[in-house]
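Text of the file upload_36.tsv, holding TSV, N, CA and C atoms and all ligand atoms:
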chain	number	residue	atom	x	y	z
H	342	MET	N	46.49	-25.70	-77.56
H	342	MET	CA	45.43	-24.92	-78.22
H	342	MET	C	44.24	-24.76	-77.26
H	343	PRO	N	43.78	-23.53	-77.07
H	343	PRO	CA	42.65	-23.37	-76.13
H	343	PRO	C	41.38	-23.99	-76.68
H	344	LEU	N	40.53	-24.39	-75.77
H	344	LEU	CA	39.26	-24.97	-76.18
H	344	LEU	C	38.43	-23.94	-76.95
H	345	ASN	N	37.80	-24.37	-78.01
H	345	ASN	CA	36.89	-23.51	-78.75
H	345	ASN	C	35.52	-23.57	-78.08
H	346	LYS	N	35.33	-22.62	-77.14
H	346	LYS	CA	34.12	-22.68	-76.31
H	346	LYS	C	32.85	-22.49	-77.12
H	347	GLN	N	32.94	-21.61	-78.12
H	347	GLN	CA	31.75	-21.36	-78.94
H	347	GLN	C	31.29	-22.64	-79.63
H	348	LYS	N	32.30	-23.38	-80.17
H	348	LYS	CA	32.00	-24.64	-80.87
H	348	LYS	C	31.45	-25.66	-79.88
H	349	ILE	N	32.09	-25.75	-78.74
H	349	ILE	CA	31.63	-26.71	-77.73
H	349	ILE	C	30.20	-26.40	-77.32
H	350	LYS	N	29.94	-25.11	-77.13
H	350	LYS	CA	28.60	-24.70	-76.71
H	350	LYS	C	27.56	-25.08	-77.77
H	351	GLU	N	27.91	-24.83	-79.03
H	351	GLU	CA	26.97	-25.20	-80.11
H	351	GLU	C	26.71	-26.70	-80.11
H	352	ASP	N	27.79	-27.48	-79.95
H	352	ASP	CA	27.63	-28.94	-79.92
H	352	ASP	C	26.76	-29.36	-78.74
H	353	LEU	N	27.00	-28.75	-77.59
H	353	LEU	CA	26.23	-29.10	-76.40
H	353	LEU	C	24.76	-28.76	-76.58
H	354	GLU	N	24.51	-27.61	-77.19
H	354	GLU	CA	23.12	-27.21	-77.39
H	354	GLU	C	22.40	-28.14	-78.36
H	355	LYS	N	23.14	-28.59	-79.38
H	355	LYS	CA	22.56	-29.55	-80.31
H	355	LYS	C	22.22	-30.85	-79.59
H	356	GLU	N	23.20	-31.31	-78.79
H	356	GLU	CA	22.98	-32.57	-78.09
H	356	GLU	C	21.83	-32.44	-77.08
H	357	ARG	N	21.77	-31.28	-76.44
H	357	ARG	CA	20.67	-31.04	-75.50
H	357	ARG	C	19.31	-31.20	-76.19
H	358	ASP	N	19.20	-30.59	-77.38
H	358	ASP	CA	17.93	-30.66	-78.11
H	358	ASP	C	17.59	-32.10	-78.49
H	359	VAL	N	18.63	-32.85	-78.92
H	359	VAL	CA	18.40	-34.26	-79.28
H	359	VAL	C	17.94	-35.05	-78.06
H	360	LEU	N	18.63	-34.82	-76.94
H	360	LEU	CA	18.28	-35.55	-75.71
H	360	LEU	C	16.86	-35.24	-75.26
H	361	VAL	N	16.51	-33.97	-75.28
H	361	VAL	CA	15.17	-33.58	-74.85
H	361	VAL	C	14.13	-34.25	-75.75
H	362	GLY	N	14.43	-34.32	-77.06
H	362	GLY	CA	13.53	-34.99	-77.99
H	362	GLY	C	13.39	-36.47	-77.67
H	363	GLN	N	14.53	-37.14	-77.43
H	363	GLN	CA	14.49	-38.57	-77.12
H	363	GLN	C	13.72	-38.83	-75.83
H	364	MET	N	13.97	-37.98	-74.86
H	364	MET	CA	13.32	-38.18	-73.57
H	364	MET	C	11.82	-37.90	-73.67
H	365	GLY	N	11.48	-36.92	-74.52
H	365	GLY	CA	10.07	-36.61	-74.71
H	365	GLY	C	9.30	-37.76	-75.35
H	366	ASP	N	10.04	-38.61	-76.12
H	366	ASP	CA	9.40	-39.77	-76.73
H	366	ASP	C	9.12	-40.85	-75.70
H	367	MET	N	9.91	-40.87	-74.64
H	367	MET	CA	9.82	-41.98	-73.69
H	367	MET	C	9.10	-41.62	-72.40
H	368	GLY	N	9.06	-40.35	-72.11
H	368	GLY	CA	8.45	-39.98	-70.84
H	368	GLY	C	8.21	-38.50	-70.77
H	369	LYS	N	8.07	-38.00	-69.57
H	369	LYS	CA	7.87	-36.57	-69.44
H	369	LYS	C	8.48	-36.09	-68.12
H	370	MET	N	8.68	-34.78	-68.05
H	370	MET	CA	9.27	-34.24	-66.85
H	370	MET	C	8.19	-34.03	-65.81
H	371	ASN	N	8.48	-34.46	-64.60
H	371	ASN	CA	7.59	-34.21	-63.48
H	371	ASN	C	7.80	-32.76	-63.04
H	372	PRO	N	6.78	-31.91	-63.21
H	372	PRO	CA	6.98	-30.49	-62.92
H	372	PRO	C	7.28	-30.22	-61.44
H	373	GLU	N	6.92	-31.16	-60.58
H	373	GLU	CA	7.17	-30.94	-59.15
H	373	GLU	C	8.62	-31.20	-58.77
H	374	THR	N	9.20	-32.28	-59.33
H	374	THR	CA	10.55	-32.65	-58.95
H	374	THR	C	11.59	-32.18	-59.96
H	375	GLY	N	11.14	-31.87	-61.19
H	375	GLY	CA	12.10	-31.53	-62.24
H	375	GLY	C	12.80	-32.76	-62.80
H	376	GLU	N	12.42	-33.95	-62.31
H	376	GLU	CA	13.01	-35.19	-62.79
H	376	GLU	C	12.18	-35.76	-63.93
H	377	TRP	N	12.88	-36.43	-64.87
H	377	TRP	CA	12.17	-37.07	-65.97
H	377	TRP	C	11.72	-38.45	-65.55
H	378	GLU	N	10.50	-38.80	-65.96
H	378	GLU	CA	9.95	-40.11	-65.62
H	378	GLU	C	9.45	-40.79	-66.87
H	379	ALA	N	9.69	-42.11	-66.95
H	379	ALA	CA	9.20	-42.87	-68.09
H	379	ALA	C	7.69	-42.95	-68.03
H	380	GLN	N	7.07	-42.95	-69.20
H	380	GLN	CA	5.62	-43.11	-69.28
H	380	GLN	C	5.33	-44.53	-69.72
H	381	PRO	N	4.44	-45.22	-69.03
H	381	PRO	CA	4.07	-46.56	-69.51
H	381	PRO	C	3.38	-46.44	-70.86
H	382	GLU	N	3.58	-47.46	-71.70
H	382	GLU	CA	2.92	-47.43	-73.00
H	382	GLU	C	1.42	-47.50	-72.82
H	383	ALA	N	0.72	-46.86	-73.75
H	383	ALA	CA	-0.74	-46.89	-73.68
H	383	ALA	C	-1.23	-48.33	-73.77
H	384	GLN	N	-2.24	-48.65	-73.01
H	384	GLN	CA	-2.82	-50.00	-73.02
H	384	GLN	C	-3.75	-50.14	-74.22
H	385	ASP	N	-3.26	-50.80	-75.28
H	385	ASP	CA	-4.13	-50.97	-76.45
H	385	ASP	C	-5.15	-52.08	-76.19
H	386	PHE	N	-4.70	-53.11	-75.46
H	386	PHE	CA	-5.56	-54.26	-75.24
H	386	PHE	C	-5.79	-54.45	-73.75
H	387	PRO	N	-6.90	-53.98	-73.26
H	387	PRO	CA	-7.15	-54.05	-71.82
H	387	PRO	C	-7.16	-55.48	-71.30
H	388	GLU	N	-7.48	-56.44	-72.19
H	388	GLU	CA	-7.57	-57.83	-71.74
H	388	GLU	C	-6.24	-58.58	-71.87
H	389	ALA	N	-5.14	-57.82	-72.02
H	389	ALA	CA	-3.83	-58.44	-72.20
H	389	ALA	C	-3.55	-59.49	-71.13
H	390	ASP	N	-2.95	-60.61	-71.56
H	390	ASP	CA	-2.67	-61.67	-70.59
H	390	ASP	C	-1.42	-61.33	-69.78
H	391	SER	N	-1.08	-62.23	-68.86
H	391	SER	CA	-0.02	-61.87	-67.92
H	391	SER	C	1.35	-61.78	-68.59
H	392	ASN	N	1.54	-62.54	-69.70
H	392	ASN	CA	2.81	-62.42	-70.43
H	392	ASN	C	2.98	-61.01	-70.98
H	393	ASP	N	1.90	-60.51	-71.55
H	393	ASP	CA	1.94	-59.15	-72.08
H	393	ASP	C	2.22	-58.16	-70.97
H	394	GLN	N	1.58	-58.39	-69.85
H	394	GLN	CA	1.79	-57.50	-68.70
H	394	GLN	C	3.26	-57.49	-68.30
H	395	ALA	N	3.86	-58.70	-68.30
H	395	ALA	CA	5.27	-58.81	-67.90
H	395	ALA	C	6.15	-58.09	-68.91
H	396	ASP	N	5.84	-58.26	-70.22
H	396	ASP	CA	6.59	-57.58	-71.26
H	396	ASP	C	6.51	-56.06	-71.08
H	397	ARG	N	5.31	-55.64	-70.83
H	397	ARG	CA	5.07	-54.22	-70.64
H	397	ARG	C	5.90	-53.68	-69.48
H	398	PHE	N	5.91	-54.46	-68.40
H	398	PHE	CA	6.64	-54.02	-67.23
H	398	PHE	C	8.13	-53.95	-67.53
H	399	GLU	N	8.65	-54.97	-68.25
H	399	GLU	CA	10.06	-54.95	-68.63
H	399	GLU	C	10.39	-53.75	-69.49
H	400	GLU	N	9.51	-53.52	-70.45
H	400	GLU	CA	9.66	-52.39	-71.34
H	400	GLU	C	9.71	-51.07	-70.55
H	401	TYR	N	8.83	-50.99	-69.58
H	401	TYR	CA	8.77	-49.78	-68.76
H	401	TYR	C	10.05	-49.62	-67.94
H	402	GLU	N	10.52	-50.77	-67.38
H	402	GLU	CA	11.75	-50.74	-66.61
H	402	GLU	C	12.93	-50.28	-67.46
H	403	SER	N	13.00	-50.78	-68.71
H	403	SER	CA	14.15	-50.41	-69.52
H	403	SER	C	14.04	-48.95	-69.95
H	404	ARG	N	12.82	-48.49	-70.19
H	404	ARG	CA	12.64	-47.07	-70.47
H	404	ARG	C	13.08	-46.21	-69.29
H	405	SER	N	12.69	-46.67	-68.10
H	405	SER	CA	13.03	-45.91	-66.90
H	405	SER	C	14.53	-45.76	-66.75
H	406	SER	N	15.26	-46.86	-67.00
H	406	SER	CA	16.70	-46.77	-66.80
H	406	SER	C	17.34	-45.96	-67.92
H	407	MET	N	16.77	-46.07	-69.15
H	407	MET	CA	17.30	-45.27	-70.25
H	407	MET	C	17.08	-43.78	-70.01
H	408	ILE	N	15.89	-43.47	-69.55
H	408	ILE	CA	15.55	-42.06	-69.35
H	408	ILE	C	16.39	-41.49	-68.21
H	409	LYS	N	16.74	-42.33	-67.26
H	409	LYS	CA	17.59	-41.89	-66.15
H	409	LYS	C	19.00	-41.56	-66.66
H	410	ASP	N	19.54	-42.45	-67.52
H	410	ASP	CA	20.86	-42.19	-68.10
H	410	ASP	C	20.85	-40.92	-68.94
H	411	LEU	N	19.83	-40.78	-69.77
H	411	LEU	CA	19.73	-39.59	-70.61
H	411	LEU	C	19.59	-38.34	-69.75
H	412	GLY	N	18.83	-38.48	-68.67
H	412	GLY	CA	18.62	-37.35	-67.77
H	412	GLY	C	19.92	-36.90	-67.11
H	413	ASN	N	20.75	-37.87	-66.73
H	413	ASN	CA	22.04	-37.52	-66.13
H	413	ASN	C	22.93	-36.81	-67.13
H	414	ARG	N	22.92	-37.33	-68.35
H	414	ARG	CA	23.70	-36.71	-69.42
H	414	ARG	C	23.19	-35.27	-69.67
H	415	LEU	N	21.89	-35.12	-69.68
H	415	LEU	CA	21.30	-33.80	-69.91
H	415	LEU	C	21.69	-32.83	-68.80
H	416	LYS	N	21.70	-33.31	-67.57
H	416	LYS	CA	22.10	-32.45	-66.45
H	416	LYS	C	23.52	-31.95	-66.63
H	417	ASN	N	24.42	-32.87	-67.04
H	417	ASN	CA	25.82	-32.50	-67.27
H	417	ASN	C	25.92	-31.45	-68.37
H	418	ILE	N	25.14	-31.64	-69.41
H	418	ILE	CA	25.18	-30.72	-70.54
H	418	ILE	C	24.66	-29.34	-70.14
H	419	LEU	N	23.55	-29.32	-69.41
H	419	LEU	CA	22.99	-28.04	-68.98
H	419	LEU	C	23.96	-27.32	-68.05
H	420	PHE	N	24.62	-28.09	-67.19
H	420	PHE	CA	25.62	-27.54	-66.28
H	420	PHE	C	26.75	-26.89	-67.08
H	421	SER	N	27.20	-27.58	-68.12
H	421	SER	CA	28.31	-27.06	-68.93
H	421	SER	C	27.90	-25.81	-69.69
H	422	ILE	N	26.71	-25.83	-70.26
H	422	ILE	CA	26.24	-24.66	-71.02
H	422	ILE	C	26.19	-23.45	-70.09
H	423	LYS	N	25.76	-23.68	-68.87
H	423	LYS	CA	25.65	-22.59	-67.90
H	423	LYS	C	27.02	-22.04	-67.51
H	424	ASN	N	28.00	-22.94	-67.43
H	424	ASN	CA	29.30	-22.54	-66.90
H	424	ASN	C	30.37	-22.31	-67.95
H	425	ILE	N	30.01	-22.45	-69.21
H	425	ILE	CA	31.03	-22.49	-70.25
H	425	ILE	C	31.83	-21.19	-70.34
H	426	ASN	N	31.24	-20.07	-69.97
H	426	ASN	CA	31.96	-18.81	-70.09
H	426	ASN	C	32.82	-18.48	-68.87
H	427	LYS	N	32.76	-19.34	-67.85
H	427	LYS	CA	33.62	-19.12	-66.70
H	427	LYS	C	35.06	-19.47	-67.07
H	428	VAL	N	36.00	-18.72	-66.46
H	428	VAL	CA	37.41	-18.96	-66.75
H	428	VAL	C	37.81	-20.38	-66.38
H	429	SER	N	37.17	-20.91	-65.33
H	429	SER	CA	37.56	-22.24	-64.84
H	429	SER	C	37.01	-23.36	-65.72
H	430	PHE	N	36.10	-23.04	-66.64
H	430	PHE	CA	35.49	-24.10	-67.44
H	430	PHE	C	36.52	-24.77	-68.32
H	431	GLY	N	36.49	-26.09	-68.33
H	431	GLY	CA	37.40	-26.84	-69.19
H	431	GLY	C	38.81	-26.96	-68.64
H	432	LYS	N	38.99	-26.50	-67.39
H	432	LYS	CA	40.32	-26.62	-66.78
H	432	LYS	C	40.25	-27.62	-65.64
H	433	CYS	N	41.33	-28.37	-65.53
H	433	CYS	CA	41.44	-29.38	-64.48
H	433	CYS	C	41.52	-28.69	-63.11
H	434	THR	N	40.71	-29.15	-62.16
H	434	THR	CA	40.74	-28.53	-60.84
H	434	THR	C	41.96	-28.97	-60.04
H	435	VAL	N	42.68	-29.99	-60.53
H	435	VAL	CA	43.87	-30.45	-59.82
H	435	VAL	C	45.12	-29.73	-60.33
H	436	CYS	N	45.34	-29.76	-61.65
H	436	CYS	CA	46.58	-29.20	-62.19
H	436	CYS	C	46.36	-27.89	-62.95
H	437	GLY	N	45.09	-27.51	-63.21
H	437	GLY	CA	44.81	-26.24	-63.87
H	437	GLY	C	45.02	-26.25	-65.37
H	438	LYS	N	45.40	-27.42	-65.92
H	438	LYS	CA	45.58	-27.50	-67.37
H	438	LYS	C	44.25	-27.71	-68.07
H	439	GLU	N	44.25	-27.45	-69.38
H	439	GLU	CA	43.04	-27.67	-70.17
H	439	GLU	C	42.68	-29.16	-70.15
H	440	ILE	N	41.42	-29.43	-69.98
H	440	ILE	CA	40.95	-30.82	-70.04
H	440	ILE	C	40.89	-31.25	-71.51
H	441	GLU	N	41.32	-32.48	-71.79
H	441	GLU	CA	41.32	-32.99	-73.15
H	441	GLU	C	39.93	-32.87	-73.77
H	442	LEU	N	39.90	-32.47	-75.04
H	442	LEU	CA	38.62	-32.29	-75.73
H	442	LEU	C	37.80	-33.58	-75.77
H	443	ALA	N	38.48	-34.70	-75.99
H	443	ALA	CA	37.77	-35.98	-76.05
H	443	ALA	C	37.08	-36.27	-74.72
H	444	ARG	N	37.75	-35.91	-73.65
H	444	ARG	CA	37.16	-36.13	-72.33
H	444	ARG	C	35.97	-35.19	-72.10
H	445	MET	N	36.11	-33.96	-72.54
H	445	MET	CA	35.00	-33.01	-72.42
H	445	MET	C	33.78	-33.50	-73.19
H	446	LYS	N	34.07	-34.13	-74.34
H	446	LYS	CA	32.95	-34.62	-75.15
H	446	LYS	C	32.26	-35.79	-74.46
H	447	ALA	N	33.09	-36.66	-73.85
H	447	ALA	CA	32.52	-37.81	-73.17
H	447	ALA	C	31.75	-37.38	-71.92
H	448	ASN	N	32.28	-36.40	-71.24
H	448	ASN	CA	31.60	-35.89	-70.04
H	448	ASN	C	31.74	-34.38	-69.99
H	449	PRO	N	30.73	-33.68	-70.53
H	449	PRO	CA	30.81	-32.22	-70.63
H	449	PRO	C	30.96	-31.53	-69.27
H	450	ALA	N	30.62	-32.22	-68.20
H	450	ALA	CA	30.75	-31.61	-66.88
H	450	ALA	C	32.06	-32.00	-66.19
H	451	ALA	N	32.98	-32.58	-66.94
H	451	ALA	CA	34.25	-33.02	-66.35
H	451	ALA	C	34.98	-31.83	-65.72
H	452	THR	N	35.56	-32.06	-64.56
H	452	THR	CA	36.31	-30.98	-63.91
H	452	THR	C	37.78	-31.36	-63.70
H	453	THR	N	38.18	-32.52	-64.21
H	453	THR	CA	39.58	-32.91	-64.12
H	453	THR	C	40.05	-33.47	-65.46
H	454	CYS	N	41.36	-33.37	-65.71
H	454	CYS	CA	41.93	-33.95	-66.92
H	454	CYS	C	42.02	-35.47	-66.76
H	455	LYS	N	42.40	-36.15	-67.85
H	455	LYS	CA	42.46	-37.62	-67.80
H	455	LYS	C	43.41	-38.11	-66.72
H	456	LYS	N	44.53	-37.39	-66.60
H	456	LYS	CA	45.55	-37.80	-65.65
H	456	LYS	C	45.02	-37.76	-64.21
H	457	HIS	N	44.17	-36.81	-63.92
H	457	HIS	CA	43.69	-36.65	-62.55
H	457	HIS	C	42.29	-37.22	-62.35
H	458	LEU	N	41.88	-38.04	-63.29
H	458	LEU	CA	40.56	-38.64	-63.27
H	458	LEU	C	40.34	-39.45	-61.99
H	459	GLU	N	41.39	-40.12	-61.53
H	459	GLU	CA	41.25	-41.04	-60.40
H	459	GLU	C	41.18	-40.29	-59.08
H	460	ASN	N	41.70	-39.08	-59.05
H	460	ASN	CA	41.82	-38.39	-57.75
H	460	ASN	C	40.54	-37.65	-57.36
H	501	ZN	ZN	44.95	-32.46	-64.20
Reformat the file's structure so that it appears as structure tokens.
Amino acid sequence: MPLNKQKIKEDLEKERDVLVGQMGDMGKMNPETGEWEAQPEAQDFPEADSNDQADRFEEYESRSSMIKDLGNRLKNILFSIKNINKVSFGKCTVCGKEIELARMKANPAATTCKKHLEN
């Protein structure tokens, strides 16, 4: 059965909007680099002790890594939305067969089927 590109595109666009929302809660896009960066939480207590400072830093670190993961996912999704109407979209570059839908969902920018994942 051929991939339902319209459905995939709708799903991707929904996920894109969710991702952009999540990322907007944690950081913002640097207009110069186009990369998303975590924003440190506002300092409510300027006299915070060093434990608080350490917590804050950890929190910032985990936001940074989360926003990086989300950003990579977003890049894949935007790439797929852009290329979805190409004949080659959703086809394995090794064997030319349709890529499994589950794999496309896991990685919308996948260019190989499960069998050729390792190559
Ligand atoms: Zn293949």
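Using all atoms listed in the file, the smallest distance between any of H:Asn424, H:Gln347, H:Thr374, H:Gln380 and Arg404 of chain H comes from H:Gln380.
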What does the distance from atom CA of Glu354 of chain H to atom CA of Ser405 of chain H come to in Å, to one decimal? 23.7 Å
Tell me, counting all atoms listed in the file, for each residue of chain H within 6 Å of ligand ZN 501 (chain H), which pair of atoms is nearest and how far apart they are in Å to one decimal, in rows ordered by chain and increasing number, as a Markdown table.
| residue | atom | partner | partner_atom | distance |
| --- | --- | --- | --- | --- |
| H:Cys433 | CA | H:ZN501 | ZN | 4.7 |
| H:Thr434 | N | H:ZN501 | ZN | 5.8 |
| H:Val435 | C | H:ZN501 | ZN | 4.7 |
| H:Cys436 | N | H:ZN501 | ZN | 3.7 |
| H:Gly437 | N | H:ZN501 | ZN | 5.0 |
| H:Lys438 | N | H:ZN501 | ZN | 5.3 |
| H:Thr453 | C | H:ZN501 | ZN | 5.2 |
| H:Cys454 | N | H:ZN501 | ZN | 4.0 |
| H:Lys455 | N | H:ZN501 | ZN | 5.8 |
| H:Lys456 | C | H:ZN501 | ZN | 5.3 |
| H:His457 | N | H:ZN501 | ZN | 4.4 |
Would you put the residues from that selection into a file with N, CA and C atoms, as a PDB file, in the frame of the given file?
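This is the output file out21.pdb:
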ATOM      1  N   CYS H 433      41.330 -28.370 -65.530  1.00  0.00           N
ATOM      2  CA  CYS H 433      41.440 -29.380 -64.480  1.00  0.00           C
ATOM      3  C   CYS H 433      41.520 -28.690 -63.110  1.00  0.00           C
ATOM      4  N   THR H 434      40.710 -29.150 -62.160  1.00  0.00           N
ATOM      5  CA  THR H 434      40.740 -28.530 -60.840  1.00  0.00           C
ATOM      6  C   THR H 434      41.960 -28.970 -60.040  1.00  0.00           C
ATOM      7  N   VAL H 435      42.680 -29.990 -60.530  1.00  0.00           N
ATOM      8  CA  VAL H 435      43.870 -30.450 -59.820  1.00  0.00           C
ATOM      9  C   VAL H 435      45.120 -29.730 -60.330  1.00  0.00           C
ATOM     10  N   CYS H 436      45.340 -29.760 -61.650  1.00  0.00           N
ATOM     11  CA  CYS H 436      46.580 -29.200 -62.190  1.00  0.00           C
ATOM     12  C   CYS H 436      46.360 -27.890 -62.950  1.00  0.00           C
ATOM     13  N   GLY H 437      45.090 -27.510 -63.210  1.00  0.00           N
ATOM     14  CA  GLY H 437      44.810 -26.240 -63.870  1.00  0.00           C
ATOM     15  C   GLY H 437      45.020 -26.250 -65.370  1.00  0.00           C
ATOM     16  N   LYS H 438      45.400 -27.420 -65.920  1.00  0.00           N
ATOM     17  CA  LYS H 438      45.580 -27.500 -67.370  1.00  0.00           C
ATOM     18  C   LYS H 438      44.250 -27.710 -68.070  1.00  0.00           C
ATOM     19  N   THR H 453      38.180 -32.520 -64.210  1.00  0.00           N
ATOM     20  CA  THR H 453      39.580 -32.910 -64.120  1.00  0.00           C
ATOM     21  C   THR H 453      40.050 -33.470 -65.460  1.00  0.00           C
ATOM     22  N   CYS H 454      41.360 -33.370 -65.710  1.00  0.00           N
ATOM     23  CA  CYS H 454      41.930 -33.950 -66.920  1.00  0.00           C
ATOM     24  C   CYS H 454      42.020 -35.470 -66.760  1.00  0.00           C
ATOM     25  N   LYS H 455      42.400 -36.150 -67.850  1.00  0.00           N
ATOM     26  CA  LYS H 455      42.460 -37.620 -67.800  1.00  0.00           C
ATOM     27  C   LYS H 455      43.410 -38.110 -66.720  1.00  0.00           C
ATOM     28  N   LYS H 456      44.530 -37.390 -66.600  1.00  0.00           N
ATOM     29  CA  LYS H 456      45.550 -37.800 -65.650  1.00  0.00           C
ATOM     30  C   LYS H 456      45.020 -37.760 -64.210  1.00  0.00           C
ATOM     31  N   HIS H 457      44.170 -36.810 -63.920  1.00  0.00           N
ATOM     32  CA  HIS H 457      43.690 -36.650 -62.550  1.00  0.00           C
ATOM     33  C   HIS H 457      42.290 -37.220 -62.350  1.00  0.00           C
TER      34      HIS H 457
END
Residue contacts of segment 441-445 of chain H (9 Å, only C-alpha atoms) excluding same-chain residues fewer than 6 positions away, as a ChimeraX atom specification: /H:344,349,431,451-452,454-455
As lines of an AutoDock Vina configuration file: centre and edge lengths in Å, one decimal, of the axis-aligned box holding segment 404-415 of chain H with 5 Å per side:
center_x = 18.2
center_y = -40.7
center_z = -68.4
size_x = 21.1
size_y = 25.7
size_z = 14.5
Report, in Å with one decimal, the straight-line distance from atom CA of Pro449 of chain H to atom CA of Glu402 of chain H.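 Going from atom CA of Pro449 of chain H over to atom CA of Glu402 of chain H, I get 26.9 Å.
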Distance of atom N of Gly375 of chain H from atom N of Glu400 of chain H, expressed in Å to one decimal place: 23.6 Å
Would you please give, as a VMD selection string, all residues of segment 346-448 of chain H that DSSP assigns to alpha helix (DSSP H) based on the backbone? chain H and resid 346 to 367 391 to 424 442 to 447
Going by DSSP on the backbone, which bits of segment 369-438 of chain H are strand (DSSP E)? Write them as a list of chain:residue names, please.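 Selection result, strand (DSSP E) within segment 369-438 of chain H: H:Lys369, H:Met370, H:Trp377, H:Glu378, H:Ala379.
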